[in-house]
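The file data-v3.cif contains mmCIF, C-alpha atoms (C1' of nucleotides):
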```cif
data_entry
#
loop_
_atom_site.label_atom_id
_atom_site.label_comp_id
_atom_site.auth_asym_id
_atom_site.auth_seq_id
_atom_site.Cartn_x
_atom_site.Cartn_y
_atom_site.Cartn_z
CA MET A 1 0.00 0.00 0.00
CA PRO A 2 2.34 2.72 -1.13
CA GLU A 3 1.44 6.17 0.11
CA LEU A 4 3.23 9.43 -0.52
CA PRO A 5 6.49 8.57 1.34
CA GLU A 6 6.83 5.19 -0.43
CA VAL A 7 6.10 6.74 -3.84
CA GLU A 8 8.70 9.41 -3.09
CA THR A 9 11.20 6.65 -2.23
CA VAL A 10 10.52 4.96 -5.58
CA LYS A 11 11.03 8.28 -7.37
CA ARG A 12 14.32 9.01 -5.59
CA ILE A 13 15.72 5.55 -6.28
CA LEU A 14 14.60 5.27 -9.91
CA ALA A 15 15.23 8.85 -11.12
CA PRO A 16 19.04 8.52 -11.41
CA GLN A 17 18.69 5.08 -13.01
CA LEU A 18 16.21 6.31 -15.64
CA CYS A 19 17.41 9.79 -16.59
CA GLY A 20 19.06 9.91 -19.99
CA ARG A 21 17.92 6.46 -21.08
CA ARG A 22 16.01 5.87 -24.29
CA ILE A 23 12.94 3.61 -24.41
CA GLU A 24 13.81 1.10 -27.13
CA ARG A 25 10.76 -1.16 -26.97
CA VAL A 26 7.65 -1.58 -24.84
CA ASN A 27 6.22 -5.02 -24.10
CA ILE A 28 2.76 -4.82 -22.56
CA LYS A 29 1.97 -8.23 -21.11
CA ASN A 30 -1.33 -7.14 -19.62
CA ALA A 31 -3.23 -4.37 -21.37
CA GLN A 32 -5.40 -3.96 -18.29
CA VAL A 33 -2.80 -1.73 -16.63
CA ILE A 34 -2.89 0.81 -19.46
CA ALA A 35 -5.59 3.38 -18.78
CA HIS A 36 -4.87 5.86 -21.59
CA PRO A 37 -4.65 5.69 -24.53
CA ASP A 38 -5.14 2.09 -25.74
CA ALA A 39 -2.28 -0.33 -25.12
CA GLU A 40 -1.05 -0.38 -28.72
CA SER A 41 -0.87 3.41 -29.05
CA PHE A 42 0.71 3.60 -25.60
CA ALA A 43 3.57 1.33 -26.67
CA ASP A 44 4.01 3.11 -30.02
CA LEU A 45 4.05 6.57 -28.46
CA LEU A 46 6.65 5.65 -25.84
CA THR A 47 9.03 3.89 -28.19
CA GLY A 48 12.04 6.03 -29.06
CA LYS A 49 11.44 8.59 -26.32
CA THR A 50 14.25 9.66 -23.98
CA ILE A 51 13.63 9.99 -20.25
CA THR A 52 14.63 13.39 -18.88
CA GLY A 53 13.32 13.33 -15.33
CA MET A 54 10.92 11.99 -12.75
CA GLY A 55 8.33 13.68 -10.62
CA ARG A 56 5.69 12.90 -8.04
CA ARG A 57 2.32 14.46 -7.29
CA GLY A 58 0.40 12.94 -4.41
CA LYS A 59 0.69 9.20 -4.97
CA PHE A 60 1.19 9.61 -8.74
CA LEU A 61 4.55 9.17 -10.43
CA ARG A 62 5.52 11.06 -13.57
CA VAL A 63 8.23 9.96 -15.97
CA GLU A 64 9.12 13.05 -18.01
CA LEU A 65 10.14 12.57 -21.64
CA ALA A 66 12.36 14.72 -23.88
CA ASP A 67 9.55 15.94 -26.16
CA GLY A 68 7.53 17.28 -23.23
CA SER A 69 5.20 14.31 -23.08
CA CYS A 70 4.87 12.28 -19.91
CA LEU A 71 4.28 8.79 -18.61
CA CYS A 72 2.09 8.89 -15.50
CA LEU A 73 1.36 6.00 -13.20
CA HIS A 74 -0.34 5.13 -9.95
CA LEU A 75 0.81 2.08 -7.98
CA ARG A 76 -2.47 1.79 -6.07
CA MET A 77 -2.25 -1.17 -3.66
CA THR A 78 0.50 -3.50 -4.78
CA GLY A 79 2.19 -1.92 -7.80
CA ARG A 80 5.99 -2.02 -8.01
CA LEU A 81 8.22 -0.26 -10.51
CA LEU A 82 11.75 -1.62 -10.95
CA VAL A 83 14.78 -0.86 -13.09
CA THR A 84 16.52 -4.19 -13.68
CA PRO A 85 19.30 -5.68 -15.79
CA THR A 86 17.98 -7.44 -18.91
CA ASP A 87 18.66 -10.89 -17.45
CA PHE A 88 17.03 -10.22 -14.07
CA PRO A 89 14.59 -13.06 -13.15
CA GLU A 90 11.06 -12.18 -14.16
CA GLU A 91 8.67 -12.07 -11.26
CA LYS A 92 5.12 -13.40 -11.36
CA HIS A 93 2.55 -10.65 -12.08
CA THR A 94 4.90 -8.66 -14.34
CA HIS A 95 2.56 -6.66 -16.59
CA LEU A 96 4.89 -4.35 -18.50
CA ILE A 97 8.53 -4.43 -19.55
CA ALA A 98 10.17 -1.49 -21.31
CA GLU A 99 13.59 -2.12 -22.84
CA LEU A 100 15.90 0.80 -22.11
CA SER A 101 19.21 1.85 -23.63
CA GLY A 102 22.29 0.61 -21.77
CA GLY A 103 20.98 -2.92 -21.12
CA LYS A 104 18.34 -2.06 -18.54
CA GLN A 105 14.62 -2.68 -18.30
CA LEU A 106 11.81 -0.80 -16.61
CA ARG A 107 9.37 -3.35 -15.20
CA TYR A 108 5.92 -3.05 -13.67
CA ILE A 109 4.84 -5.77 -11.26
CA ASP A 110 1.44 -5.71 -9.57
CA VAL A 111 -0.17 -8.67 -7.82
CA ARG A 112 -3.62 -7.19 -7.67
CA ARG A 113 -3.54 -5.23 -10.93
CA PHE A 114 -5.13 -2.10 -9.49
CA GLY A 115 -2.27 0.15 -10.67
CA ARG A 116 -2.61 2.16 -13.89
CA PHE A 117 -0.48 3.88 -16.55
CA TRP A 118 -1.37 6.95 -18.63
CA TYR A 119 0.57 8.52 -21.47
CA LEU A 120 0.02 12.25 -21.80
CA LYS A 121 1.16 14.21 -24.86
CA LYS A 122 2.81 17.56 -24.35
CA ASP A 123 0.22 20.07 -23.14
CA GLU A 124 -2.51 17.44 -23.35
CA THR A 125 -5.30 18.43 -20.98
CA ASP A 126 -5.19 15.86 -18.23
CA VAL A 127 -8.74 14.72 -17.80
CA PHE A 128 -7.79 11.06 -17.35
CA THR A 129 -5.54 10.56 -14.38
CA GLY A 130 -7.36 12.58 -11.73
CA MET A 131 -4.14 14.40 -10.96
CA SER A 132 -5.74 17.75 -11.72
CA GLN A 133 -8.21 17.15 -8.88
CA LEU A 134 -5.50 16.73 -6.26
CA GLY A 135 -5.24 19.02 -3.26
CA ILE A 136 -2.02 20.54 -1.94
CA GLU A 137 1.10 18.54 -1.07
CA PRO A 138 1.69 17.90 2.66
CA ASP A 139 4.82 20.08 2.59
CA ASP A 140 3.05 23.01 0.94
CA PRO A 141 3.33 26.15 3.12
CA LEU A 142 -0.36 26.71 2.34
CA LEU A 143 -1.17 23.76 4.58
CA THR A 144 -2.28 25.56 7.72
CA ALA A 145 -5.00 25.07 10.32
CA ASP A 146 -7.01 27.73 8.45
CA TYR A 147 -6.67 25.89 5.15
CA LEU A 148 -7.97 22.67 6.70
CA ARG A 149 -10.78 24.48 8.52
CA THR A 150 -11.91 26.26 5.37
CA LYS A 151 -11.95 23.00 3.42
CA ILE A 152 -13.49 20.55 5.86
CA ALA A 153 -14.54 22.07 9.21
CA ASN A 154 -18.22 21.95 8.18
CA LYS A 155 -18.17 18.24 7.31
CA LYS A 156 -19.89 15.62 9.41
CA LYS A 157 -17.52 12.92 8.21
CA ALA A 158 -14.87 11.41 10.48
CA ILE A 159 -11.55 13.25 10.32
CA LYS A 160 -9.80 10.00 9.42
CA GLU A 161 -11.95 9.71 6.28
CA MET A 162 -11.33 13.31 5.29
CA LEU A 163 -7.57 12.75 5.49
CA HIS A 164 -8.01 10.13 2.77
CA ASP A 165 -9.68 12.67 0.47
CA GLN A 166 -6.98 13.38 -2.12
CA SER A 167 -8.60 16.67 -3.13
CA ILE A 168 -7.83 18.20 0.28
CA VAL A 169 -4.25 17.07 0.93
CA ALA A 170 -2.71 14.70 -1.61
CA GLY A 171 -0.85 11.52 -0.70
CA ILE A 172 -2.31 10.30 2.61
CA GLY A 173 -3.62 6.73 2.84
CA ASN A 174 -4.69 4.41 5.64
CA ILE A 175 -1.24 3.98 7.18
CA TYR A 176 -0.32 7.64 7.45
CA SER A 177 -3.80 8.77 8.50
CA ASP A 178 -3.39 6.52 11.55
CA GLU A 179 0.11 7.90 12.16
CA ILE A 180 -0.96 11.54 11.71
CA LEU A 181 -3.94 11.22 14.06
CA PHE A 182 -1.81 9.46 16.66
CA ASP A 183 0.80 12.21 16.46
CA ALA A 184 -1.87 14.91 16.67
CA ALA A 185 -3.66 13.01 19.48
CA ILE A 186 -7.05 13.09 17.72
CA TYR A 187 -9.68 10.35 17.90
CA PRO A 188 -9.99 8.94 14.35
CA GLU A 189 -13.78 8.86 14.34
CA LYS A 190 -14.17 12.43 15.53
CA LYS A 191 -16.36 14.45 13.17
CA CYS A 192 -14.59 17.28 11.33
CA CYS A 193 -17.23 19.75 12.53
CA GLU A 194 -16.38 18.89 16.14
CA LEU A 195 -12.62 19.46 16.07
CA THR A 196 -11.32 22.15 18.43
CA ALA A 197 -9.00 25.02 17.42
CA ASP A 198 -6.16 23.19 19.17
CA GLU A 199 -6.87 20.03 17.22
CA TRP A 200 -6.82 21.89 13.88
CA ASN A 201 -3.46 23.38 14.84
CA ARG A 202 -2.01 20.03 15.83
CA LEU A 203 -3.32 18.41 12.66
CA ALA A 204 -1.77 21.08 10.41
CA GLU A 205 1.51 20.49 12.20
CA SER A 206 1.34 16.69 12.24
CA ILE A 207 0.60 16.20 8.53
CA PRO A 208 3.88 17.59 7.09
CA LYS A 209 5.86 16.32 10.07
CA THR A 210 4.59 12.74 9.80
CA ILE A 211 4.94 12.58 6.01
CA ALA A 212 8.50 13.96 6.21
CA TRP A 213 9.28 11.37 8.90
CA GLY A 214 7.85 8.66 6.63
CA ILE A 215 10.06 9.69 3.71
CA GLU A 216 13.11 9.77 5.97
CA THR A 217 12.56 6.37 7.58
CA ASP A 218 11.61 4.75 4.29
CA ALA A 219 14.95 5.56 2.67
CA MET A 220 16.88 2.57 1.30
CA THR A 221 19.64 1.87 -1.21
CA PRO A 222 18.79 0.99 -4.83
CA GLU A 223 20.18 -2.49 -4.12
CA GLU A 224 17.87 -3.00 -1.15
CA TYR A 225 14.95 -1.74 -3.22
CA LEU A 226 15.67 -4.12 -6.11
CA ALA A 227 16.18 -7.01 -3.68
CA GLY A 228 12.62 -6.49 -2.49
CA LYS A 229 12.99 -4.40 0.65
CA GLY A 230 10.34 -2.09 -0.74
CA LYS A 231 8.01 -4.97 -1.43
CA GLU A 232 5.96 -4.58 1.69
CA TYR A 233 6.32 -0.82 1.34
CA ARG A 234 6.63 -0.20 5.04
CA ASN A 235 8.45 -1.63 8.01
CA THR A 236 5.55 -1.86 10.39
CA PRO A 237 7.88 -1.83 13.44
CA ASP A 238 8.69 1.80 12.53
CA LEU A 239 5.06 2.77 12.74
CA LYS A 240 3.60 3.97 16.01
CA ALA A 241 -0.11 3.48 15.33
CA TYR A 242 -0.92 1.54 12.14
CA GLY A 243 -1.06 -2.18 12.85
CA SER A 244 -0.39 -1.65 16.55
CA ALA A 245 -3.68 -2.90 18.00
CA GLY A 246 -3.04 -4.86 21.19
CA LYS A 247 0.41 -3.35 21.67
CA PRO A 248 1.26 -0.71 24.27
CA CYS A 249 1.13 2.94 23.16
CA VAL A 250 4.68 4.28 22.70
CA ARG A 251 3.66 7.48 24.51
CA CYS A 252 1.69 6.25 27.51
CA GLY A 253 1.70 2.44 27.53
CA THR A 254 -2.07 2.04 27.24
CA VAL A 255 -3.07 -0.91 25.04
CA MET A 256 -3.80 0.32 21.49
CA GLU A 257 -7.25 -0.42 20.05
CA LYS A 258 -8.63 -1.06 16.58
CA ILE A 259 -11.90 0.21 15.15
CA THR A 260 -13.36 0.53 11.64
CA VAL A 261 -13.77 4.05 10.29
CA GLY A 262 -15.36 4.45 6.88
CA GLY A 263 -14.64 0.81 6.13
CA ARG A 264 -10.94 1.15 6.95
CA SER A 265 -9.14 -0.39 9.89
CA SER A 266 -7.93 2.22 12.29
CA CYS A 267 -5.53 1.86 15.23
CA PHE A 268 -5.38 4.42 18.00
CA CYS A 269 -4.54 4.93 21.66
CA PRO A 270 -7.74 5.24 23.72
CA ALA A 271 -5.88 7.36 26.30
CA CYS A 272 -3.99 9.76 24.00
CA GLN A 273 -6.72 10.05 21.35
CA ARG A 274 -9.90 10.68 23.30
CA MET A 275 -13.35 11.16 21.83
"C1'" DC B 1 -24.63 17.41 -2.37
"C1'" DT B 2 -23.40 13.39 0.56
"C1'" DA B 3 -23.47 8.76 2.63
"C1'" DG B 4 -22.84 4.21 1.95
"C1'" DC B 5 -22.05 0.39 -0.68
"C1'" DT B 6 -19.69 -2.35 -4.51
"C1'" DT B 7 -16.09 -3.23 -7.75
"C1'" DC B 8 -11.53 -4.31 -9.09
"C1'" DC B 9 -7.74 -8.40 -7.66
"C1'" DT B 10 -4.62 -11.94 -5.21
"C1'" DG B 11 -2.50 -13.77 -1.24
"C1'" DA B 12 -2.19 -14.33 3.67
"C1'" DT B 13 -4.44 -15.94 7.42
"C1'" DA B 14 -8.25 -17.71 10.39
"C1'" DG B 15 -11.48 -21.13 11.44
"C1'" DC B 16 -13.52 -25.64 10.87
"C1'" DT C 1 -4.56 -31.76 5.32
"C1'" DG C 2 -7.70 -29.18 2.75
"C1'" DC C 3 -11.51 -26.49 2.29
"C1'" DT C 4 -14.07 -21.92 2.64
"C1'" DA C 5 -14.46 -17.27 4.52
"C1'" DT C 6 -12.49 -13.02 5.62
"C1'" DC C 7 -9.42 -9.26 5.33
"C1'" DA C 8 -6.07 -6.02 3.31
"C1'" DG C 9 -7.25 -0.80 1.04
"C1'" DG C 10 -6.78 3.23 -3.35
"C1'" DA C 11 -10.04 5.16 -6.01
"C1'" DA C 12 -13.83 5.06 -9.12
"C1'" DG C 13 -18.57 3.99 -9.94
"C1'" DC C 14 -23.02 3.39 -8.45
"C1'" DT C 15 -27.55 4.05 -5.87
"C1'" DA C 16 -30.62 6.35 -2.76
#
```
Structure encoded using structure tokens:
Amino acid sequence: MPELPEVETVKRILAPQLCGRRIERVNIKNAQVIAHPDAESFADLLTGKTITGMGRRGKFLRVELADGSCLCLHLRMTGRLLVTPTDFPEEKHTHLIAELSGGKQLRYIDVRRFGRFWYLKKDETDVFTGMSQLGIEPDDPLLTADYLRTKIANKKKAIKEMLHDQSIVAGIGNIYSDEILFDAAIYPEKKCCELTADEWNRLAESIPKTIAWGIETDAMTPEEYLAGKGKEYRNTPDLKAYGSAGKPCVRCGTVMEKITVGGRSSCFCPACQRM
DNA sequence: CTAGCTTCCTGATAGC
DNA sequence: TGCTATCAGGAAGCTA
């Protein structure tokens, strides 16, 4: 379940391995992962293009190409993007292999096939990916208590659910919403319209802090990444809230609990995060 | 407009 | 051992 920090890790590891390489050939083994345009055009359009850079927006990755066009992708639940030598063993659930100059391959592996690729021509209006609907990045200086209040303080939905809304702040999923709410000491099921001024302030502080912490602790070498360290996307022992039900709270020792909020599992400390 | 449910998928795990 | 049921969750699509 890659969220913003894991996608950022992928970008940082792959960018230096991809920049300057030419896409020689594209082998789409499962057309299902190509969202736009059709698989055949997608392969044709990419062939011959040179990669000039990589970017990230929310949980989306962008592979920038020399003519100003762009390969966008979303890893969703189980997607993995690898740069491998040509003779690297092919994993099960490999859906796309792009041959690159210099004897490398760009491979997409995705057990559950929820991930998607889009090819966008230069200046093509992006009405396909959903990227244009994204809210601000967690490290945007515009992310303040006032910003959050203006966007969601009138909502009756649980704050945990609103954190998952990519049009407010981009990049937060179920793992980091648990971590953010634990850090901010807010009960996950608390309604947005019932948050106090203090809670808005703590939330605005915890979002960038927790995401930056995630990026930092997720760092690994390209070798570790290729060897599969990134496979599970997160070392759960690093996390303080997500997956910690039944364990003592790292702040106060109270046994952590698990509830369901908006259909998502949610771990919290009943003493630190009071209703 | 929103709330709530279903869909897409496979693999790990729980229970019998 | 071997079967079935449940859960994991990002985001879109659907209904009421």
Check: Selected by the PyMOL selection byres ((chain A) within 8 of (chain C)) in the shown coordinates: which residues, as JSON, numbers by chain?
Finding: {"A": [1, 76, 77, 173, 174, 264]}
Would you mind exporting C-alpha atoms of the selected residues as a PDB file, in the frame of the given file?
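Result written to part06.pdb:
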```
ATOM      1  CA  MET A   1       0.000   0.000   0.000  1.00  0.00           C
ATOM      2  CA  ARG A  76      -2.470   1.790  -6.070  1.00  0.00           C
ATOM      3  CA  MET A  77      -2.250  -1.170  -3.660  1.00  0.00           C
ATOM      4  CA  GLY A 173      -3.620   6.730   2.840  1.00  0.00           C
ATOM      5  CA  ASN A 174      -4.690   4.410   5.640  1.00  0.00           C
ATOM      6  CA  ARG A 264     -10.940   1.150   6.950  1.00  0.00           C
TER       7      ARG A 264
END
```
Margin query: Suppose a student applies the PyMOL selection byres ((chain B and resi 9-14) around 8) to this structure; what residues should they get, written as a PyMOL selection string?
Written below: (chain A and resi 111-114) or (chain B and resi 8+15) or (chain C and resi 6)
Next item on the list: Would you mind listing what lies within 8 Å of A:Gln133 as a count of residues only, with all atoms listed in the file counted and same-chain residues fewer than 3 positions away left out?
Entry: 3
Next item on the list: Name the residues that the PyMOL selection byres ((chain A and resi 55) around 9) picks from the file above, as a count of residues only, using the file's chain letters and numbers.
Entry: 12
Item checked: Radius query 7 Å about (14.5, 6.4, -25.3), atoms used: all atoms listed in the file, as a VMD selection string -> chain A and resid 21 to 24 47 to 51 100 to 101
Item checked: Spatial neighbours of A:Pro2, 12 Å, only C-alpha atoms (C1' of nucleotides), chain gap at least 2 places, as an NGL selection string -> (:A and (4-10 or 58-61 or 74-81 or 110 or 115 or 171-176 or 214-215 or 218 or 230-235)) or (:C and (9-10))
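A straight line drawn from atom C1' of B:DC16 to atom CA of A:Cys267 is 29.0 Å long.
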Next item on the list: Give the answer as one residue: which of A:Arg202, A:Lys209, A:Lys247, A:Lys157 has the shortest atom-to-atom distance to chain B, using only C-alpha atoms (C1' of nucleotides)?
Entry: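 Ranked by minimum distance to chain B, first place goes to A:Lys157.
As for atom CA of A:Ile136 and atom CA of A:Ala170, they are spaced 5.9 Å apart.
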Next item on the list: Would you mind telling me which residue in A:His93, A:Lys151, A:Lys258, A:Lys240 lies nearest to chain B when using only C-alpha atoms (C1' of nucleotides)?
Entry: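 The answer is A:His93, which sits nearest to chain B.
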Notebook entry, point to check: If you measure from atom CA of A:Tyr225 to atom CA of A:Thr94, what distance in Å do you get, rounded to one decimal?
Noted result: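 Between atom CA of A:Tyr225 and atom CA of A:Thr94 the gap works out to 16.5 Å.
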Taking 2 positions as the minimum chain separation for residues in the same chain, which residues sit within 12 Å of A:Ala197 when counting only C-alpha atoms (C1' of nucleotides)? Answer as a PDB file with C-alpha atoms, keeping the file's coordinate frame.
```
ATOM      1  CA  THR A 144      -2.280  25.560   7.720  1.00  0.00           C
ATOM      2  CA  ALA A 145      -5.000  25.070  10.320  1.00  0.00           C
ATOM      3  CA  ASP A 146      -7.010  27.730   8.450  1.00  0.00           C
ATOM      4  CA  LEU A 148      -7.970  22.670   6.700  1.00  0.00           C
ATOM      5  CA  ARG A 149     -10.780  24.480   8.520  1.00  0.00           C
ATOM      6  CA  ALA A 153     -14.540  22.070   9.210  1.00  0.00           C
ATOM      7  CA  CYS A 192     -14.590  17.280  11.330  1.00  0.00           C
ATOM      8  CA  CYS A 193     -17.230  19.750  12.530  1.00  0.00           C
ATOM      9  CA  GLU A 194     -16.380  18.890  16.140  1.00  0.00           C
ATOM     10  CA  LEU A 195     -12.620  19.460  16.070  1.00  0.00           C
ATOM     11  CA  GLU A 199      -6.870  20.030  17.220  1.00  0.00           C
ATOM     12  CA  TRP A 200      -6.820  21.890  13.880  1.00  0.00           C
ATOM     13  CA  ASN A 201      -3.460  23.380  14.840  1.00  0.00           C
ATOM     14  CA  ARG A 202      -2.010  20.030  15.830  1.00  0.00           C
ATOM     15  CA  LEU A 203      -3.320  18.410  12.660  1.00  0.00           C
ATOM     16  CA  ALA A 204      -1.770  21.080  10.410  1.00  0.00           C
TER      17      ALA A 204
END
```
Next item on the list: Counting all atoms listed in the file, find the residues whose atoms lie at most 12 Å from (-0.3, -1.8, 18.9) (file coordinates) and write them out as number ranges by chain.
Entry: A: 178-179, 182, 236-258, 266-270
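Among the candidates A:His95, A:Lys156, A:His164, A:Lys190, the one nearest to chain B when counting all atoms listed in the file is A:Lys156.
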